[in-house]
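J.: The structure file structure-v6.cif (mmCIF, C-alpha atoms) is provided below.
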```
data_coords
loop_
_atom_site.group_PDB
_atom_site.id
_atom_site.type_symbol
_atom_site.label_atom_id
_atom_site.label_comp_id
_atom_site.auth_asym_id
_atom_site.auth_seq_id
_atom_site.Cartn_x
_atom_site.Cartn_y
_atom_site.Cartn_z
ATOM 1 C CA PRO L 1 128.611 134.588 118.094
ATOM 2 C CA ASP L 2 125.890 136.662 116.367
ATOM 3 C CA GLU L 3 127.876 136.577 113.141
ATOM 4 C CA ALA L 4 128.251 132.790 113.377
ATOM 5 C CA VAL L 5 124.507 132.394 113.912
ATOM 6 C CA GLU L 6 123.817 134.594 110.905
ATOM 7 C CA VAL L 7 126.214 132.593 108.723
ATOM 8 C CA LYS L 8 124.566 129.364 109.840
ATOM 9 C CA ARG L 9 121.135 130.808 109.099
ATOM 10 C CA LEU L 10 122.173 131.896 105.635
ATOM 11 C CA ALA L 11 123.824 128.554 104.907
ATOM 12 C CA LYS L 12 120.740 126.543 105.811
ATOM 13 C CA PRO L 13 118.388 126.146 102.830
ATOM 14 C CA PRO L 14 114.646 126.743 103.128
ATOM 15 C CA ALA L 15 112.588 123.793 104.354
ATOM 16 C CA PRO L 16 111.301 122.829 100.878
ATOM 17 C CA VAL L 17 114.840 122.813 99.464
ATOM 18 C CA TRP L 18 116.185 120.865 102.438
ATOM 19 C CA ALA L 19 113.445 118.261 101.988
ATOM 20 C CA ILE L 20 114.193 117.947 98.264
ATOM 21 C CA ASN L 21 117.905 117.482 98.949
ATOM 22 C CA GLN L 22 116.989 114.748 101.418
ATOM 23 C CA LEU L 23 114.857 113.118 98.732
ATOM 24 C CA ALA L 24 117.884 112.968 96.452
ATOM 25 C CA ARG L 25 119.685 110.945 99.115
ATOM 26 C CA ARG L 26 116.830 108.799 100.406
ATOM 27 C CA ARG L 27 114.695 108.365 97.281
ATOM 28 C CA ARG L 28 117.329 108.437 94.578
ATOM 29 C CA ALA L 29 115.415 106.121 92.240
ATOM 30 C CA ASP L 30 112.267 108.252 92.495
ATOM 31 C CA VAL L 31 114.232 111.431 91.771
ATOM 32 C CA ARG L 32 115.767 109.795 88.718
ATOM 33 C CA ALA L 33 112.292 108.688 87.638
ATOM 34 C CA LEU L 34 111.141 112.315 87.812
ATOM 35 C CA VAL L 35 114.113 113.509 85.766
ATOM 36 C CA LYS L 36 113.402 110.811 83.203
ATOM 37 C CA ALA L 37 109.703 111.719 83.063
ATOM 38 C CA ALA L 38 110.557 115.409 82.639
ATOM 39 C CA ALA L 39 112.997 114.569 79.844
ATOM 40 C CA ARG L 40 110.319 112.522 78.109
ATOM 41 C CA LEU L 41 107.877 115.418 78.447
ATOM 42 C CA ARG L 42 110.371 117.815 76.854
ATOM 43 C CA GLU L 43 111.080 115.316 74.095
ATOM 44 C CA VAL L 44 107.397 114.913 73.239
ATOM 45 C CA GLN L 45 106.851 118.682 73.352
ATOM 46 C CA GLY L 46 109.868 119.383 71.183
ATOM 47 C CA SER L 47 109.270 116.709 68.568
ATOM 48 C CA GLY L 48 105.507 116.865 68.439
ATOM 49 C CA ARG L 49 105.465 113.072 68.442
ATOM 50 C CA GLY L 50 104.058 110.898 71.207
ATOM 51 C CA ASP L 51 101.256 111.188 73.735
ATOM 52 C CA PHE L 52 101.820 114.581 75.339
ATOM 53 C CA ALA L 53 99.002 114.254 77.877
ATOM 54 C CA LYS L 54 100.356 110.879 78.990
ATOM 55 C CA ALA L 55 103.877 112.282 79.359
ATOM 56 C CA ALA L 56 102.618 115.281 81.351
ATOM 57 C CA THR L 57 100.552 113.036 83.619
ATOM 58 C CA ALA L 58 103.560 110.780 84.241
ATOM 59 C CA GLU L 59 105.700 113.788 85.153
ATOM 60 C CA ARG L 60 103.072 115.090 87.572
ATOM 61 C CA ALA L 61 102.695 111.637 89.137
ATOM 62 C CA ALA L 62 106.460 111.467 89.700
ATOM 63 C CA VAL L 63 106.336 114.866 91.401
ATOM 64 C CA ALA L 64 103.357 113.857 93.547
ATOM 65 C CA LYS L 65 105.149 110.714 94.718
ATOM 66 C CA LEU L 66 108.169 112.741 95.801
ATOM 67 C CA VAL L 67 106.019 115.405 97.451
ATOM 68 C CA ALA L 68 104.307 112.703 99.522
ATOM 69 C CA ALA L 69 107.715 111.434 100.640
ATOM 70 C CA ALA L 70 108.854 114.998 101.354
ATOM 71 C CA ALA L 71 105.934 115.432 103.758
ATOM 72 C CA GLY L 72 107.319 112.648 105.939
ATOM 73 C CA ILE L 73 110.839 114.037 105.733
ATOM 74 C CA LEU L 74 109.629 117.481 106.790
ATOM 75 C CA ARG L 75 107.856 115.991 109.799
ATOM 76 C CA GLU L 76 111.023 114.135 110.764
ATOM 77 C CA GLY L 77 112.921 117.415 110.580
ATOM 78 C CA GLY L 78 110.413 119.203 112.791
ATOM 79 C CA ALA L 79 108.808 121.232 109.990
ATOM 80 C CA ALA L 80 105.089 121.246 109.325
ATOM 81 C CA PRO L 81 104.253 119.833 105.865
ATOM 82 C CA THR L 82 101.638 122.466 105.114
ATOM 83 C CA ASP L 83 99.951 122.690 101.734
ATOM 84 C CA ALA L 84 101.919 125.858 101.027
ATOM 85 C CA THR L 85 105.240 124.188 101.828
ATOM 86 C CA LEU L 86 104.413 121.094 99.798
ATOM 87 C CA GLY L 87 103.328 123.326 96.933
ATOM 88 C CA ARG L 88 106.762 124.979 97.014
ATOM 89 C CA VAL L 89 108.353 121.523 97.033
ATOM 90 C CA ALA L 90 106.325 120.552 93.971
ATOM 91 C CA THR L 91 107.134 123.774 92.120
ATOM 92 C CA THR L 92 110.852 123.426 92.781
ATOM 93 C CA LEU L 93 110.825 119.773 91.742
ATOM 94 C CA HIS L 94 109.057 120.698 88.498
ATOM 95 C CA ALA L 95 111.522 123.477 87.809
ATOM 96 C CA ALA L 96 114.691 121.585 88.723
ATOM 97 C CA ALA L 97 113.747 118.503 86.723
ATOM 98 C CA THR L 98 113.186 120.583 83.583
ATOM 99 C CA SER L 99 116.170 122.900 83.989
ATOM 100 C CA ASP L 100 119.513 122.067 82.417
ATOM 101 C CA GLU L 101 121.209 124.223 85.061
ATOM 102 C CA SER L 102 119.481 122.722 88.111
ATOM 103 C CA ARG L 103 118.881 119.106 87.113
ATOM 104 C CA GLY L 104 122.308 117.977 88.265
ATOM 105 C CA GLU L 105 121.929 119.800 91.578
ATOM 106 C CA LEU L 106 118.582 118.076 92.061
ATOM 107 C CA GLU L 107 120.032 114.619 91.458
ATOM 108 C CA ARG L 108 123.031 115.277 93.726
ATOM 109 C CA GLY L 109 120.921 116.799 96.498
ATOM 110 C CA ARG L 110 122.715 120.129 96.182
ATOM 111 C CA LEU L 111 119.916 122.608 95.522
ATOM 112 C CA ARG L 112 120.486 125.884 97.352
ATOM 113 C CA ALA L 113 117.266 127.767 96.739
ATOM 114 C CA GLU L 114 113.688 127.323 95.643
ATOM 115 C CA LEU L 115 113.064 127.570 91.921
ATOM 116 C CA GLU L 116 110.353 129.031 89.772
ATOM 117 C CA PRO L 117 109.816 127.255 86.454
ATOM 118 C CA PRO L 118 110.261 129.957 83.777
ATOM 119 C CA GLY L 119 108.345 129.057 80.684
ATOM 120 C CA PHE L 120 106.993 125.895 82.267
ATOM 121 C CA GLY L 121 103.454 126.768 81.261
ATOM 122 C CA ALA L 122 104.595 126.998 77.670
ATOM 123 C CA LEU L 123 106.317 123.641 78.013
ATOM 124 C CA LEU L 124 103.102 122.061 79.146
ATOM 125 C CA GLY L 125 101.203 123.551 76.209
ATOM 126 C CA THR L 126 97.639 122.348 76.281
ATOM 127 C CA VAL L 127 98.185 120.475 79.546
ATOM 128 C CA PRO L 128 98.554 123.227 82.179
ATOM 129 C CA GLU L 129 100.202 122.710 85.516
ATOM 130 C CA PRO L 130 97.573 121.259 87.849
ATOM 131 C CA PRO L 131 95.907 123.577 90.375
ATOM 132 C CA ALA L 132 96.707 123.252 94.053
ATOM 133 C CA GLU L 133 93.614 121.129 94.659
ATOM 134 C CA LYS L 134 94.613 118.621 91.983
ATOM 135 C CA LEU L 135 98.172 118.486 93.257
ATOM 136 C CA ALA L 136 96.868 117.903 96.779
ATOM 137 C CA ASP L 137 94.732 115.036 95.470
ATOM 138 C CA GLU L 138 97.706 113.505 93.675
ATOM 139 C CA VAL L 139 99.849 113.824 96.800
ATOM 140 C CA ALA L 140 97.095 112.251 98.903
ATOM 141 C CA GLN L 141 96.796 109.386 96.438
ATOM 142 C CA ALA L 142 100.558 108.873 96.497
ATOM 143 C CA ARG L 143 100.457 108.768 100.297
ATOM 144 C CA GLU L 144 97.617 106.253 100.216
ATOM 145 C CA ARG L 145 99.512 104.059 97.768
ATOM 146 C CA ARG L 146 102.587 104.193 99.973
ATOM 147 C CA ALA L 147 100.519 103.356 103.065
ATOM 148 C CA ALA L 148 98.827 100.514 101.171
ATOM 149 C CA ARG L 149 102.215 99.112 100.152
ATOM 150 C CA ASP L 150 103.379 99.313 103.772
ATOM 151 C CA ASP L 151 100.192 97.584 104.947
ATOM 152 C CA LEU L 152 100.637 94.887 102.311
ATOM 153 C CA ALA L 153 104.234 94.279 103.359
ATOM 154 C CA ASP L 154 103.163 94.081 107.011
ATOM 155 C CA ALA L 155 100.306 91.704 106.178
ATOM 156 C CA ARG L 156 102.636 89.481 104.163
ATOM 157 C CA SER L 157 105.122 89.428 107.023
ATOM 158 C CA ARG L 158 102.378 88.438 109.466
ATOM 159 C CA ALA L 159 101.097 85.795 107.055
ATOM 160 C CA ASP L 160 104.587 84.323 106.694
ATOM 161 C CA ALA L 161 104.975 84.202 110.474
ATOM 162 C CA ALA L 162 101.551 82.560 110.847
ATOM 163 C CA GLN L 163 102.452 80.020 108.148
ATOM 164 C CA GLU L 164 105.625 79.109 110.007
ATOM 165 C CA GLN L 165 103.674 78.712 113.244
ATOM 166 C CA LEU L 166 101.086 76.551 111.477
ATOM 167 C CA GLU L 167 103.763 74.309 109.999
ATOM 168 C CA ALA L 168 105.395 73.955 113.414
ATOM 169 C CA ALA L 169 102.025 73.113 114.976
ATOM 170 C CA GLU L 170 101.286 70.541 112.268
ATOM 171 C CA GLU L 171 104.674 68.955 112.868
ATOM 172 C CA GLY L 172 103.837 68.851 116.564
ATOM 173 C CA VAL L 173 100.500 67.178 115.799
ATOM 174 C CA ALA L 174 102.227 64.625 113.566
ATOM 175 C CA ASP L 175 104.763 63.890 116.300
ATOM 176 C CA ALA L 176 101.961 63.561 118.834
ATOM 177 C CA ARG L 177 100.094 61.153 116.558
ATOM 178 C CA ASP L 178 103.221 59.038 116.151
ATOM 179 C CA GLU L 179 103.677 59.045 119.901
ATOM 180 C CA LEU L 180 100.025 58.082 120.383
ATOM 181 C CA GLU L 181 100.368 55.187 117.938
ATOM 182 C CA ARG L 182 103.447 53.969 119.778
ATOM 183 C CA ALA L 183 101.630 54.272 123.092
ATOM 184 C CA GLU L 184 98.619 52.348 121.755
ATOM 185 C CA THR L 185 100.926 49.617 120.440
ATOM 186 C CA ASP L 186 102.642 49.407 123.822
ATOM 187 C CA ALA L 187 99.265 49.305 125.568
ATOM 188 C CA ALA L 188 98.072 46.450 123.343
ATOM 189 C CA ARG L 189 101.260 44.508 124.046
ATOM 190 C CA ILE L 190 100.937 45.087 127.769
ATOM 191 C CA ARG L 191 97.274 43.977 127.707
ATOM 192 C CA SER L 192 98.317 40.791 125.945
ATOM 193 C CA GLU L 193 101.030 40.178 128.515
ATOM 194 C CA LEU L 194 98.557 40.914 131.300
ATOM 195 C CA ASP L 195 96.013 38.474 129.886
ATOM 196 C CA GLU L 196 98.706 35.822 129.617
ATOM 197 C CA ALA L 197 99.885 36.476 133.165
ATOM 198 C CA GLN L 198 96.334 36.348 134.530
ATOM 199 C CA ALA L 199 95.760 33.062 132.726
ATOM 200 C CA LYS L 200 98.878 31.634 134.366
ATOM 201 C CA VAL L 201 97.711 32.907 137.740
ATOM 202 C CA THR L 202 94.350 31.192 137.282
ATOM 203 C CA ALA L 203 95.995 27.945 136.209
ATOM 204 C CA ALA L 204 98.398 28.049 139.137
ATOM 205 C CA GLU L 205 95.564 28.649 141.599
ATOM 206 C CA LYS L 206 93.619 25.652 140.248
ATOM 207 C CA ARG L 207 96.664 23.441 140.501
ATOM 208 C CA LEU L 208 97.320 24.582 144.050
ATOM 209 C CA ARG L 209 93.741 23.869 145.106
ATOM 210 C CA LYS L 210 93.959 20.343 143.711
ATOM 211 C CA LEU L 211 97.165 19.670 145.571
ATOM 212 C CA GLU L 212 95.723 20.932 148.841
ATOM 213 C CA ARG L 213 92.719 18.561 148.788
#
```
Can I see the file as structure tokens?
T.:
Amino acid sequence: PDEAVEVKRLAKPPAPVWAINQLARRRRADVRALVKAAARLREVQGSGRGDFAKAATAERAAVAKLVAAAAGILREGGAAPTDATLGRVATTLHAAATSDESRGELERGRLRAELEPPGFGALLGTVPEPPAEKLADEVAQARERRAARDDLADARSRADAAQEQLEAAEEGVADARDELERAETDAARIRSELDEAQAKVTAAEKRLRKLER
């Protein structure tokens, strides 16, 4: 039993790696976007053509978006998304996306260990890897954008439901107005019939009085 527990412990990847592998399954498009951004960054660095700062910023933004998603995944898995853990997630994402050996494992969700980006500082050249505070800000912004998108979707859903209720109410009002018009028409007809009947009653009473004299 102890040996089985040890094997299981060794087979289970660290929390940051587990979260990244989950990202590959749940946020496949975002992982591909990171790989694409990293490839563009390498291309600009290697060729010397293009906006390097823009490419580096795009790559960092892609990482921040995934780190924000990883925080939720870690919470779901019972792990605390501390700054240190999220920093390890970001570092491994950076490294895997820029590594020919690990890129495929990243996309397939098959990473087995955390990675350190050898030579990544040189790759970034004049745009160094952001400090922890900047990364935290980018992650926070990504979370806020995600929350804003969720709020927008919820608001739109509520607005659609309210619109449907309004249309149903307006149809009910229209039906009620039609019913009221029909009722008023019936009432006018009945009044006319009543007036005619009362006139006949009056005429009949006069005739009867004459006959009784």
J.: For L:Ala97, work out the shell of residues within 9 Å, counting all atoms listed in the file and skipping chain neighbours fewer than 6 positions away, then give it as a list of chain:residue names.
T.: L:Val31, L:Leu34, L:Val35, L:Lys36, L:Ala37, L:Ala38, L:Ala39, L:Arg103, L:Gly104, L:Leu106, L:Glu107
J.: Can you translate the PyMOL selection byres ((chain L and resi 96) around 9) into the concrete residues it hits in this file, as a list in words?
T.: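 Evaluating the PyMOL selection byres ((chain L and resi 96) around 9) on this file yields Val35, Thr91, Thr92, Leu93, His94, Ala95, Ala97, Thr98, Ser99, Asp100, Glu101, Ser102, Arg103, Gly104, Glu105, Leu106, Leu111, Leu115, Glu116 and Pro117 of chain L.
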J.: Between atom CA of L:Ala147 and atom CA of L:Glu164, what distance in Å does the model show, to one decimal?
T.: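 Between atom CA of L:Ala147 and atom CA of L:Glu164 the gap works out to 25.7 Å.
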J.: Suppose you want the space between atom CA of L:Ala113 and atom CA of L:Trp18; what is it in Å?
T.: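 Value for the atom CA of L:Ala113-atom CA of L:Trp18 distance: 9.0 Å.
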J.: Given the PyMOL selection byres ((chain L and resi 73) around 12) and the file above, list the residues it selects as JSON, numbers by chain.
T.: {"L": [15, 16, 17, 18, 19, 20, 21, 22, 23, 24, 25, 26, 27, 66, 67, 68, 69, 70, 71, 72, 74, 75, 76, 77, 78, 79, 80, 81, 86, 89]}
J.: In Å to one decimal, how far is atom CA of L:Leu152 from atom CA of L:Glu59?
T.: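 Rounded to one decimal, the two atoms are 26.0 Å apart.
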J.: Please identify all polymer residues within 10 Å of L:Ala58, counting all atoms listed in the file, omitting same-chain residues fewer than 3 positions from it, and present them as an MDAnalysis selection string.
T.: chainID L and resid 33:34 36:38 40:41 52:55 61:64
